[in-house]
Structures are given as structure tokens and as C-alpha cells.
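**Student:** What follows is the file run.cif, containing mmCIF, C-alpha atoms:
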data_structure
#
loop_
_atom_site.group_PDB
_atom_site.id
_atom_site.type_symbol
_atom_site.label_atom_id
_atom_site.label_comp_id
_atom_site.auth_asym_id
_atom_site.auth_seq_id
_atom_site.Cartn_x
_atom_site.Cartn_y
_atom_site.Cartn_z
ATOM 1 C CA MET A 225 118.290 51.757 120.083
ATOM 2 C CA LYS A 226 120.508 50.044 117.523
ATOM 3 C CA HIS A 227 120.387 46.847 119.583
ATOM 4 C CA LEU A 228 116.563 47.014 119.666
ATOM 5 C CA HIS A 229 116.455 47.503 115.919
ATOM 6 C CA THR A 230 118.559 44.372 115.444
ATOM 7 C CA LEU A 231 116.295 42.371 117.727
ATOM 8 C CA LEU A 232 113.306 43.357 115.606
ATOM 9 C CA ILE A 233 114.913 42.637 112.217
ATOM 10 C CA VAL A 234 116.423 39.221 112.985
ATOM 11 C CA PRO A 235 113.090 37.413 113.669
ATOM 12 C CA ILE A 236 111.683 38.835 110.442
ATOM 13 C CA ILE A 237 114.659 37.548 108.448
ATOM 14 C CA ILE A 238 114.350 34.129 110.067
ATOM 15 C CA ALA A 239 110.624 33.993 109.331
ATOM 16 C CA LEU A 240 111.175 34.890 105.673
ATOM 17 C CA PHE A 241 113.904 32.270 105.393
ATOM 18 C CA LEU A 242 111.686 29.554 106.861
ATOM 19 C CA LEU A 243 108.833 30.551 104.535
ATOM 20 C CA ALA A 244 111.141 30.326 101.528
ATOM 21 C CA VAL A 245 112.327 26.865 102.641
ATOM 22 C CA GLN A 246 108.732 25.729 103.167
ATOM 23 C CA GLN A 247 107.668 26.931 99.721
ATOM 24 C CA SER A 248 110.695 25.272 98.154
ATOM 25 C CA CYS A 249 109.853 21.974 99.825
ATOM 26 C CA ALA A 250 106.219 22.245 98.719
ATOM 27 C CA GLN A 251 107.372 22.338 95.100
ATOM 28 C CA VAL A 252 109.188 19.007 95.336
ATOM 29 C CA GLU A 253 107.184 16.290 93.594
ATOM 30 C CA MET A 254 107.479 12.697 94.678
ATOM 31 C CA PRO A 255 106.179 9.657 92.766
ATOM 32 C CA LYS A 256 102.732 8.643 93.973
ATOM 33 C CA PRO A 257 101.756 5.011 94.613
ATOM 34 C CA SER A 258 98.554 5.614 92.618
ATOM 35 C CA PRO A 259 99.307 8.284 89.987
ATOM 36 C CA ALA A 260 96.555 10.475 88.588
ATOM 37 C CA GLY A 261 95.307 9.747 85.080
ATOM 38 C CA SER A 262 92.796 11.036 82.599
ATOM 39 C CA VAL A 263 91.465 9.885 79.249
ATOM 40 C CA SER A 264 88.988 11.340 76.783
ATOM 41 C CA GLN A 265 87.549 10.469 73.386
ATOM 42 C CA VAL A 266 85.075 12.171 71.072
ATOM 43 C CA ILE A 267 82.289 10.011 69.650
ATOM 44 C CA GLY A 268 80.493 11.928 66.901
ATOM 45 C CA VAL A 269 80.319 15.274 68.690
ATOM 46 C CA THR A 270 80.157 13.818 72.221
ATOM 47 C CA LYS A 271 83.266 13.984 74.406
ATOM 48 C CA ILE A 272 83.570 11.245 77.018
ATOM 49 C CA SER A 273 86.200 11.858 79.714
ATOM 50 C CA VAL A 274 87.421 9.949 82.771
ATOM 51 C CA ASP A 275 89.552 11.360 85.620
ATOM 52 C CA TYR A 276 90.950 8.806 88.048
ATOM 53 C CA SER A 277 93.948 7.600 90.043
ATOM 54 C CA ALA A 278 95.598 4.311 89.099
ATOM 55 C CA PRO A 279 96.562 1.822 91.845
ATOM 56 C CA ALA A 280 99.123 -0.900 91.086
ATOM 57 C CA VAL A 281 98.925 -4.631 91.709
ATOM 58 C CA ARG A 282 102.385 -4.932 93.343
ATOM 59 C CA GLY A 283 102.115 -8.687 93.673
ATOM 60 C CA ARG A 284 98.893 -8.549 95.679
ATOM 61 C CA GLU A 285 95.773 -10.671 95.228
ATOM 62 C CA ILE A 286 93.314 -8.039 94.017
ATOM 63 C CA TRP A 287 89.847 -9.487 93.499
ATOM 64 C CA GLY A 288 88.144 -10.640 96.644
ATOM 65 C CA LYS A 289 91.121 -9.496 98.749
ATOM 66 C CA VAL A 290 92.391 -5.948 98.127
ATOM 67 C CA ILE A 291 89.057 -5.176 96.443
ATOM 68 C CA SER A 292 86.302 -6.885 98.386
ATOM 69 C CA TYR A 293 83.430 -8.527 96.591
ATOM 70 C CA ASN A 294 79.894 -7.217 97.189
ATOM 71 C CA LYS A 295 81.160 -3.887 98.526
ATOM 72 C CA MET A 296 81.243 -0.454 96.921
ATOM 73 C CA TRP A 297 84.526 0.491 95.283
ATOM 74 C CA ARG A 298 85.542 3.905 93.966
ATOM 75 C CA THR A 299 87.012 2.059 90.973
ATOM 76 C CA GLY A 300 90.331 3.825 91.320
ATOM 77 C CA ALA A 301 92.340 5.297 94.164
ATOM 78 C CA ASN A 302 92.922 8.490 96.177
ATOM 79 C CA SER A 303 89.694 10.277 95.211
ATOM 80 C CA PRO A 304 86.381 9.567 93.438
ATOM 81 C CA THR A 305 86.621 8.540 89.788
ATOM 82 C CA LYS A 306 84.779 11.072 87.617
ATOM 83 C CA VAL A 307 83.104 10.417 84.264
ATOM 84 C CA THR A 308 82.001 13.370 82.136
ATOM 85 C CA PHE A 309 79.713 13.442 79.095
ATOM 86 C CA SER A 310 79.533 16.607 76.981
ATOM 87 C CA THR A 311 76.065 15.726 75.660
ATOM 88 C CA ASP A 312 73.166 13.546 76.753
ATOM 89 C CA VAL A 313 73.998 9.836 76.371
ATOM 90 C CA VAL A 314 72.563 6.395 77.002
ATOM 91 C CA VAL A 315 74.613 4.155 79.311
ATOM 92 C CA GLU A 316 73.797 0.444 79.063
ATOM 93 C CA GLY A 317 70.287 1.359 77.905
ATOM 94 C CA LYS A 318 69.627 4.067 80.510
ATOM 95 C CA ALA A 319 69.458 7.792 79.733
ATOM 96 C CA VAL A 320 72.067 10.063 81.327
ATOM 97 C CA LYS A 321 72.133 13.843 80.984
ATOM 98 C CA ALA A 322 75.269 15.725 79.975
ATOM 99 C CA GLY A 323 77.449 16.378 83.028
ATOM 100 C CA SER A 324 80.023 14.910 85.423
ATOM 101 C CA TYR A 325 79.327 11.918 87.643
ATOM 102 C CA THR A 326 81.138 9.834 90.224
ATOM 103 C CA LEU A 327 81.685 6.278 89.027
ATOM 104 C CA ILE A 328 81.184 3.579 91.663
ATOM 105 C CA THR A 329 81.199 -0.173 91.153
ATOM 106 C CA ILE A 330 80.220 -3.178 93.241
ATOM 107 C CA PRO A 331 82.406 -6.090 92.067
ATOM 108 C CA THR A 332 81.197 -9.656 92.488
ATOM 109 C CA GLU A 333 82.507 -12.989 91.304
ATOM 110 C CA LYS A 334 79.939 -12.812 88.489
ATOM 111 C CA ASN A 335 78.353 -9.544 87.329
ATOM 112 C CA TRP A 336 79.376 -6.100 88.524
ATOM 113 C CA THR A 337 77.013 -3.283 89.413
ATOM 114 C CA VAL A 338 78.018 0.049 87.867
ATOM 115 C CA ILE A 339 76.672 3.235 89.455
ATOM 116 C CA LEU A 340 76.774 6.802 88.200
ATOM 117 C CA ASN A 341 76.127 9.090 91.146
ATOM 118 C CA ASN A 342 75.723 12.862 91.476
ATOM 119 C CA ASP A 343 77.887 12.708 94.629
ATOM 120 C CA SER A 344 76.326 15.742 96.309
ATOM 121 C CA LYS A 345 78.715 15.402 99.285
ATOM 122 C CA GLY A 346 81.776 15.089 97.046
ATOM 123 C CA ASN A 347 83.497 12.172 98.721
ATOM 124 C CA GLY A 348 82.377 9.223 96.637
ATOM 125 C CA VAL A 349 81.834 5.925 98.426
ATOM 126 C CA PHE A 350 82.811 7.478 101.776
ATOM 127 C CA SER A 351 79.784 9.771 101.762
ATOM 128 C CA TYR A 352 77.564 7.773 99.412
ATOM 129 C CA VAL A 353 73.907 8.821 99.206
ATOM 130 C CA GLU A 354 71.666 6.381 97.339
ATOM 131 C CA GLU A 355 69.252 9.165 96.375
ATOM 132 C CA ASP A 356 72.104 10.692 94.338
ATOM 133 C CA ASP A 357 72.228 7.660 92.038
ATOM 134 C CA VAL A 358 71.568 8.551 88.419
ATOM 135 C CA ILE A 359 71.696 4.985 87.100
ATOM 136 C CA ARG A 360 72.564 1.478 88.228
ATOM 137 C CA VAL A 361 73.407 -1.117 85.575
ATOM 138 C CA GLU A 362 75.051 -4.521 85.471
ATOM 139 C CA VAL A 363 78.003 -5.547 83.326
ATOM 140 C CA THR A 364 79.887 -8.810 83.004
ATOM 141 C CA PRO A 365 83.658 -8.725 83.605
ATOM 142 C CA LYS A 366 86.032 -10.685 81.432
ATOM 143 C CA GLU A 367 89.580 -11.941 81.845
ATOM 144 C CA VAL A 368 92.316 -10.065 79.987
ATOM 145 C CA GLU A 369 96.100 -9.951 79.902
ATOM 146 C CA MET A 370 97.890 -8.729 83.004
ATOM 147 C CA ARG A 371 97.830 -4.956 83.572
ATOM 148 C CA GLU A 372 99.901 -3.724 86.527
ATOM 149 C CA TYR A 373 98.266 -0.306 86.855
ATOM 150 C CA LEU A 374 94.536 0.289 86.651
ATOM 151 C CA ALA A 375 93.618 2.060 83.418
ATOM 152 C CA TYR A 376 90.549 3.461 81.689
ATOM 153 C CA MET A 377 89.955 3.603 77.950
ATOM 154 C CA VAL A 378 87.160 5.008 75.818
ATOM 155 C CA VAL A 379 87.025 2.732 72.781
ATOM 156 C CA PRO A 380 84.995 3.963 69.765
ATOM 157 C CA GLN A 381 82.690 1.400 68.168
ATOM 158 C CA SER A 382 80.930 3.705 65.682
ATOM 159 C CA ASP A 383 79.906 7.359 65.269
ATOM 160 C CA ASN A 384 77.197 6.668 67.847
ATOM 161 C CA GLU A 385 78.763 4.222 70.292
ATOM 162 C CA ALA A 386 81.779 3.740 72.526
ATOM 163 C CA HIS A 387 82.790 1.344 75.285
ATOM 164 C CA LEU A 388 84.074 2.827 78.527
ATOM 165 C CA VAL A 389 86.601 0.197 79.591
ATOM 166 C CA MET A 390 88.317 -0.301 82.949
ATOM 167 C CA GLN A 391 91.167 -2.811 83.216
ATOM 168 C CA TRP A 392 93.243 -3.845 86.203
ATOM 169 C CA GLU A 393 95.217 -6.986 86.991
ATOM 170 C CA LYS A 394 93.550 -9.606 84.750
ATOM 171 C CA MET A 395 90.036 -8.181 84.962
ATOM 172 C CA SER A 396 88.190 -5.879 82.577
ATOM 173 C CA ILE A 397 84.721 -4.377 82.400
ATOM 174 C CA ALA A 398 83.210 -2.553 79.418
ATOM 175 C CA ILE A 399 80.325 -0.108 79.774
ATOM 176 C CA LYS A 400 78.358 0.619 76.603
ATOM 177 C CA VAL A 401 77.717 4.316 75.918
ATOM 178 C CA THR A 402 75.597 5.459 72.979
ATOM 179 C CA THR A 403 74.750 8.913 71.734
ATOM 180 C CA ASP A 404 72.469 10.400 69.062
ATOM 181 C CA THR A 405 75.211 11.918 66.946
ATOM 182 C CA LYS A 406 72.904 13.255 64.244
ATOM 183 C CA ALA A 407 70.646 15.063 66.735
ATOM 184 C CA ASN A 408 73.651 16.435 68.616
ATOM 185 C CA ALA A 409 75.284 17.612 65.384
ATOM 186 C CA VAL A 410 72.098 19.327 64.238
ATOM 187 C CA ALA A 411 71.785 21.108 67.589
ATOM 188 C CA SER A 412 75.444 22.148 67.405
ATOM 189 C CA ILE A 413 75.071 23.394 63.830
ATOM 190 C CA ASP A 414 71.913 25.371 64.540
ATOM 191 C CA LYS A 415 73.480 26.918 67.625
ATOM 192 C CA GLY A 416 76.723 27.654 65.805
ATOM 193 C CA VAL A 417 75.285 29.381 62.769
ATOM 194 C CA LYS A 418 73.221 31.595 65.045
ATOM 195 C CA ALA A 419 76.064 32.429 67.391
ATOM 196 C CA TYR A 420 78.625 33.007 64.638
ATOM 197 C CA ASN A 421 76.486 34.608 61.975
ATOM 198 C CA ASN A 422 77.963 35.315 58.533
ATOM 199 C CA VAL A 423 80.823 32.806 58.655
ATOM 200 C CA TRP A 424 80.958 31.351 55.136
ATOM 201 C CA TYR A 425 82.827 28.173 56.113
ATOM 202 C CA ASP A 426 80.292 27.270 58.818
ATOM 203 C CA TYR A 427 77.425 27.687 56.359
ATOM 204 C CA ALA A 428 79.162 25.477 53.770
ATOM 205 C CA SER A 429 80.057 22.812 56.351
ATOM 206 C CA ALA A 430 76.510 22.793 57.704
ATOM 207 C CA THR A 431 75.192 22.430 54.150
ATOM 208 C CA GLU A 432 77.415 19.443 53.454
ATOM 209 C CA TYR A 433 76.407 17.705 56.704
ATOM 210 C CA TYR A 434 72.709 18.259 56.031
ATOM 211 C CA VAL A 435 72.971 16.887 52.481
ATOM 212 C CA LYS A 436 74.943 13.796 53.497
ATOM 213 C CA ASN A 437 72.530 12.982 56.321
ATOM 214 C CA ASP A 438 69.251 13.566 54.434
ATOM 215 C CA LEU A 439 68.232 16.529 56.578
ATOM 216 C CA ASP A 440 66.266 19.696 55.707
ATOM 217 C CA ILE A 441 67.365 20.374 52.106
ATOM 218 C CA GLU A 442 65.732 23.806 51.961
ATOM 219 C CA LYS A 443 67.674 24.942 55.007
ATOM 220 C CA ALA A 444 70.832 23.507 53.432
ATOM 221 C CA ALA A 445 70.158 25.389 50.191
ATOM 222 C CA ASN A 446 69.748 28.634 52.110
ATOM 223 C CA TRP A 447 73.039 28.098 53.941
ATOM 224 C CA ALA A 448 74.848 27.296 50.686
ATOM 225 C CA ASP A 449 73.508 30.484 49.122
ATOM 226 C CA LEU A 450 74.667 32.545 52.116
ATOM 227 C CA SER A 451 78.091 30.893 51.981
ATOM 228 C CA ILE A 452 78.519 31.790 48.299
ATOM 229 C CA LYS A 453 77.478 35.390 48.920
ATOM 230 C CA LEU A 454 80.029 35.700 51.718
ATOM 231 C CA ASN A 455 82.878 34.083 49.748
ATOM 232 C CA GLU A 456 82.085 33.591 46.079
ATOM 233 C CA ASN A 457 85.722 32.905 45.125
ATOM 234 C CA HIS A 458 86.296 29.792 47.250
ATOM 235 C CA PHE A 459 85.565 26.332 45.891
ATOM 236 C CA PHE A 460 83.864 24.998 49.042
ATOM 237 C CA PRO A 461 80.649 27.094 48.906
ATOM 238 C CA GLN A 462 80.292 26.182 45.221
ATOM 239 C CA TRP A 463 80.787 22.519 46.017
ATOM 240 C CA ALA A 464 78.270 22.721 48.862
ATOM 241 C CA MET A 465 75.653 24.197 46.523
ATOM 242 C CA ALA A 466 76.446 21.554 43.900
ATOM 243 C CA GLN A 467 75.605 18.852 46.436
ATOM 244 C CA VAL A 468 72.335 20.586 47.280
ATOM 245 C CA LYS A 469 71.307 20.794 43.636
ATOM 246 C CA ALA A 470 72.135 17.140 43.053
ATOM 247 C CA LYS A 471 70.113 16.163 46.105
ATOM 248 C CA GLN A 472 67.193 18.081 44.654
ATOM 249 C CA GLY A 473 67.597 16.224 41.343
ATOM 250 C CA LYS A 474 68.729 19.396 39.536
ATOM 251 C CA TYR A 475 71.772 17.824 37.928
ATOM 252 C CA LYS A 476 72.409 20.478 35.262
ATOM 253 C CA GLU A 477 72.652 23.126 37.970
ATOM 254 C CA ALA A 478 74.761 20.802 40.088
ATOM 255 C CA ILE A 479 77.210 20.335 37.231
ATOM 256 C CA SER A 480 77.457 24.106 36.748
ATOM 257 C CA PHE A 481 78.358 24.628 40.404
ATOM 258 C CA VAL A 482 80.750 21.685 40.553
ATOM 259 C CA LYS A 483 82.679 22.976 37.524
ATOM 260 C CA LYS A 484 83.038 26.339 39.263
ATOM 261 C CA ALA A 485 84.299 24.508 42.339
ATOM 262 C CA GLN A 486 86.878 22.636 40.244
ATOM 263 C CA GLU A 487 88.089 25.820 38.585
ATOM 264 C CA MET A 488 88.454 27.669 41.889
ATOM 265 C CA GLY A 489 89.996 24.689 43.664
ATOM 266 C CA ALA A 490 92.606 24.202 40.947
ATOM 267 C CA LYS A 491 93.663 27.844 41.280
ATOM 268 C CA ASN A 492 93.880 28.167 45.030
ATOM 269 C CA GLY A 493 92.423 25.143 46.810
ATOM 270 C CA GLY A 494 95.465 23.746 48.547
ATOM 271 C CA GLY A 495 95.183 20.630 50.691
ATOM 272 C CA PHE A 496 91.558 21.400 51.518
ATOM 273 C CA TYR A 497 90.614 21.032 47.854
ATOM 274 C CA ALA A 498 92.939 18.050 47.363
ATOM 275 C CA ALA A 499 91.078 16.147 50.096
ATOM 276 C CA ARG A 500 87.799 16.574 48.200
ATOM 277 C CA LYS A 501 89.070 16.449 44.631
ATOM 278 C CA ALA A 502 88.394 12.755 44.024
ATOM 279 C CA SER A 503 84.869 12.998 45.436
ATOM 280 C CA ILE A 504 84.149 16.070 43.304
ATOM 281 C CA GLU A 505 85.381 14.340 40.132
ATOM 282 C CA THR A 506 83.385 11.175 40.862
ATOM 283 C CA SER A 507 80.226 13.206 41.537
ATOM 284 C CA LEU A 508 80.641 15.133 38.297
ATOM 285 C CA MET A 509 80.834 11.892 36.301
ATOM 286 C CA GLU A 510 77.774 10.457 38.053
ATOM 287 C CA TRP A 511 75.688 13.597 37.657
ATOM 288 C CA THR A 512 76.653 13.971 34.000
ATOM 289 C CA LYS A 513 75.204 10.500 33.292
ATOM 290 C CA LYS A 514 71.908 11.553 34.887
ATOM 291 C CA VAL A 515 71.400 14.628 32.738
ATOM 292 C CA LYS A 516 68.824 13.889 30.067
#
Would you write out, as C-alpha cells, the structure that this file holds?
**Tutor:**
Amino acid sequence: MKHLHTLLIVPIIIALFLLAVQQSCAQVEMPKPSPAGSVSQVIGVTKISVDYSAPAVRGREIWGKVISYNKMWRTGANSPTKVTFSTDVVVEGKAVKAGSYTLITIPTEKNWTVILNNDSKGNGVFSYVEEDDVIRVEVTPKEVEMREYLAYMVVPQSDNEAHLVMQWEKMSIAIKVTTDTKANAVASIDKGVKAYNNVWYDYASATEYYVKNDLDIEKAANWADLSIKLNENHFFPQWAMAQVKAKQGKYKEAISFVKKAQEMGAKNGGGFYAARKASIETSLMEWTKKVK
């Protein structure tokens, strides 16, 4: 019986040992020829992200050889390159909804075709379905300094525009992406103040944005009033209301609120007040000149 027991236990021990070895080996990471990369950048309130794998040149002739002209390329390595937009955007003049898309290009010796595709089969160029195309646009490549590994960058141009740039070897393409930052911010503000009701800072921030961007001043005034009621001892709600009053041409009232903001900020404003102090002082001088 003891011998039988031993015969049963030994295979189990061996199996557990082999499993432990297998798991240990699975945890070993080796350098990949085309390492994974990701990049993201916020433009206004829109986040643009790219997930890709970066092949290297390694002394090879890339364009027209490793990467064939007039054929679809996943514009990276290992797996489909994914581009994600957190809000609706316009890519090279064509509207694109918020979401994630597979980026495919067709390089030529002149212009390149850039495709954003829904990739319903999930395998990029290897299971490409034309009906899944969201947009097709053309861009013109340009020569740049040597870059060994393929890389993506999202380069801000303004609050409303960025260039999605791909560089590899001595070639670069830039894809223009624009977004309606004001409309997106308004939607975010309206959603936020509803979802997080009675947060004084959100009301004051929303007020300031509305005033600076010539939006609904009555709505801004209401938010400023709510912010003061929720935190009447902080300078920021007072400053927000001062800006509203000035926008309405009520400079005497604006001065009254801005002086309260200065008094509160000097007592307990910290770095938040310090960042706005110069603007507050300048506004007070300007508004004082306008009081008849």
C-alpha cells in the first residue's frame, strides 16, 4: 500500500514542478525587435492617443523595399496601429466620431493614402474590409533626419489643432486633426455640473470659462452665485462673480467683488491665488477707470 501511495504522489510532485518551471519561464521578458509604444496628447479637451509597435531600420532599404509602394501597410509592426480620439474630430477635413480606429497607410513615391478603419475583424491589413473604412485622405510625406525606430508624435498646433506625425528612417507624414474645443468644453461643463452638483469649484471654473469665451453670461452669473453660496470664504467664487459683473458692464459691482477676492486671497489663497493675483490687480485698475 505504501508503495502504491508513493507511485501516486511522485507524478503529482513532478507535474507541479514542471508547472512552476513553465510559469517561471513565461515571466522572462526578452527584448523585442519591434517594441510596443504609445503616445497621447490633449488638445483643448480632446485626447489623441496612438498605440503601435516600432520596427527598426537595421541598415535596410525601407521605402519601396521593406515597405512596398502602392500596398497597404499597418504603419507599424506586430499588430494593427490604433488611433483613439476622446471626442469627435476632423481629420484632414473629414469628420470622425470619437472612438478607436485602425490606422492603415498606402505609401507611394509621391502622396500617401491614410485610412482610418473600424477593423471589424480585428486583424488590420490582414483582414481588411473596405466597407469598414471611416475615412480615406491623402498626405504628402517629407524628408527628415534619420530615425532608427518608427515613432509617432501628436504635436499641438493650437487649442483646436494637432498634427499626428509618423516618422521612420528619413520619411515623415503629418496628419492634421482639428477639434471644436469650445463646443467640447461646453458639453463637458454642462455634463459635469449636472453630474457633480453643488461643487463650488466647478461652478466657479465654469463661470470663468464662459466669461472668457463670450458664452451665456446669464448661465455664468447663476453658476457664480451658486459657487459663492457654497463657499463664500474663498476668493475664487468672488473673482468669478467679479468677471461676470464686468462682462455685464456693472463695474462698480465688479470692483466690490474683486476687492473681496483680494482680501480673501491675501489671507488664505496660497499658490492658487498667486497664479491669478496679477490678473486680478490689472482688472481692478481697468475697471476702476471705467466707473463714471
**Student:** What's the 7 Å shell around stretch 414-417 of chain A, counting all atoms listed in the file, without same-chain residues fewer than 4 positions away, as a VMD selection string?
**Tutor:** chain A and resid 410 421 426 to 427
**Student:** Do a neighbour search on A:Asn408 at 9 Å with only C-alpha atoms, toss out local chain neighbours closer than 6 positions, and write the hits as a PyMOL selection string.
**Tutor:** chain A and resi 268-270+311-312
**Student:** What lies within 9 Å of A:Tyr352 using all atoms listed in the file, ignoring chain neighbours under 6 positions off, as a VMD selection string?
**Tutor:** chain A and resid 341 343 to 346
**Student:** Apply the PyMOL selection byres ((chain A and resi 480-488) around 7) to the file shown and report the selected residues as a PyMOL selection string.
**Tutor:** chain A and resi 457-460+462-463+465-466+476-479+489-493+508
**Student:** Could you tell me which residues the PyMOL selection byres ((chain A and resi 374-379) around 9) returns for this structure, as a VMD selection string?
**Tutor:** chain A and resid 258 261 to 266 272 to 281 299 to 300 371 to 373 380 to 381 385 to 393
**Student:** For those residues, write C-alpha atoms to a file as a PDB file, in the coordinates of the input.
**Tutor:**
ATOM      1  CA  SER A 258      98.554   5.614  92.618  1.00  0.00           C
ATOM      2  CA  GLY A 261      95.307   9.747  85.080  1.00  0.00           C
ATOM      3  CA  SER A 262      92.796  11.036  82.599  1.00  0.00           C
ATOM      4  CA  VAL A 263      91.465   9.885  79.249  1.00  0.00           C
ATOM      5  CA  SER A 264      88.988  11.340  76.783  1.00  0.00           C
ATOM      6  CA  GLN A 265      87.549  10.469  73.386  1.00  0.00           C
ATOM      7  CA  VAL A 266      85.075  12.171  71.072  1.00  0.00           C
ATOM      8  CA  ILE A 272      83.570  11.245  77.018  1.00  0.00           C
ATOM      9  CA  SER A 273      86.200  11.858  79.714  1.00  0.00           C
ATOM     10  CA  VAL A 274      87.421   9.949  82.771  1.00  0.00           C
ATOM     11  CA  ASP A 275      89.552  11.360  85.620  1.00  0.00           C
ATOM     12  CA  TYR A 276      90.950   8.806  88.048  1.00  0.00           C
ATOM     13  CA  SER A 277      93.948   7.600  90.043  1.00  0.00           C
ATOM     14  CA  ALA A 278      95.598   4.311  89.099  1.00  0.00           C
ATOM     15  CA  PRO A 279      96.562   1.822  91.845  1.00  0.00           C
ATOM     16  CA  ALA A 280      99.123  -0.900  91.086  1.00  0.00           C
ATOM     17  CA  VAL A 281      98.925  -4.631  91.709  1.00  0.00           C
ATOM     18  CA  THR A 299      87.012   2.059  90.973  1.00  0.00           C
ATOM     19  CA  GLY A 300      90.331   3.825  91.320  1.00  0.00           C
ATOM     20  CA  ARG A 371      97.830  -4.956  83.572  1.00  0.00           C
ATOM     21  CA  GLU A 372      99.901  -3.724  86.527  1.00  0.00           C
ATOM     22  CA  TYR A 373      98.266  -0.306  86.855  1.00  0.00           C
ATOM     23  CA  PRO A 380      84.995   3.963  69.765  1.00  0.00           C
ATOM     24  CA  GLN A 381      82.690   1.400  68.168  1.00  0.00           C
ATOM     25  CA  GLU A 385      78.763   4.222  70.292  1.00  0.00           C
ATOM     26  CA  ALA A 386      81.779   3.740  72.526  1.00  0.00           C
ATOM     27  CA  HIS A 387      82.790   1.344  75.285  1.00  0.00           C
ATOM     28  CA  LEU A 388      84.074   2.827  78.527  1.00  0.00           C
ATOM     29  CA  VAL A 389      86.601   0.197  79.591  1.00  0.00           C
ATOM     30  CA  MET A 390      88.317  -0.301  82.949  1.00  0.00           C
ATOM     31  CA  GLN A 391      91.167  -2.811  83.216  1.00  0.00           C
ATOM     32  CA  TRP A 392      93.243  -3.845  86.203  1.00  0.00           C
ATOM     33  CA  GLU A 393      95.217  -6.986  86.991  1.00  0.00           C
TER      34      GLU A 393
END
**Student:** Do you have the atom CA of A:Ile441-atom CA of A:Ala409 distance handy?
**Tutor:**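 About the pair atom CA of A:Ile441 and atom CA of A:Ala409: they are 15.7 Å apart.
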**Student:** Quick one: residues within 7 Å of A:Val313, all atoms listed in the file, excluding same-chain residues fewer than 5 positions away - as a list in words?
**Tutor:**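 Close residues of A:Val313: Ala319, Val320, Lys321, Val401, Thr402 and Thr403 of chain A.
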**Student:** Just the number, please: distance in Å from atom CA of A:Asn342 to atom CA of A:Asp356, one decimal.
**Tutor:** 5.1 Å
**Student:** Report the distance between atom CA of A:Leu340 and atom CA of A:Val314 in Å, rounded to one decimal place.
**Tutor:**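 Distance reported for this atom pair: 12.0 Å.
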**Student:** Please provide the set of residues having any atom within 8 Å of A:Glu432, restricted to only C-alpha atoms, with same-chain residues fewer than 5 positions apart removed, written as a list in words.
**Tutor:**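 Contacts, with the query itself left out: Ala444, Ala464 and Gln467 of chain A.
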**Student:** Store the residues picked out above, limited to C-alpha atoms, as an mmCIF file, in the frame of the given file.
**Tutor:**
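File again28.cif, as written:
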data_model
loop_
_atom_site.group_PDB
_atom_site.id
_atom_site.type_symbol
_atom_site.label_atom_id
_atom_site.label_comp_id
_atom_site.auth_asym_id
_atom_site.auth_seq_id
_atom_site.Cartn_x
_atom_site.Cartn_y
_atom_site.Cartn_z
ATOM 1 C CA ALA A 444 70.832 23.507 53.432
ATOM 2 C CA ALA A 464 78.270 22.721 48.862
ATOM 3 C CA GLN A 467 75.605 18.852 46.436
#
**Student:** Restricting the calculation to all atoms listed in the file, which member of A:Val349, A:Ile452, A:Met395, A:Val315 is positioned closest to A:Thr332?
**Tutor:** A:Met395
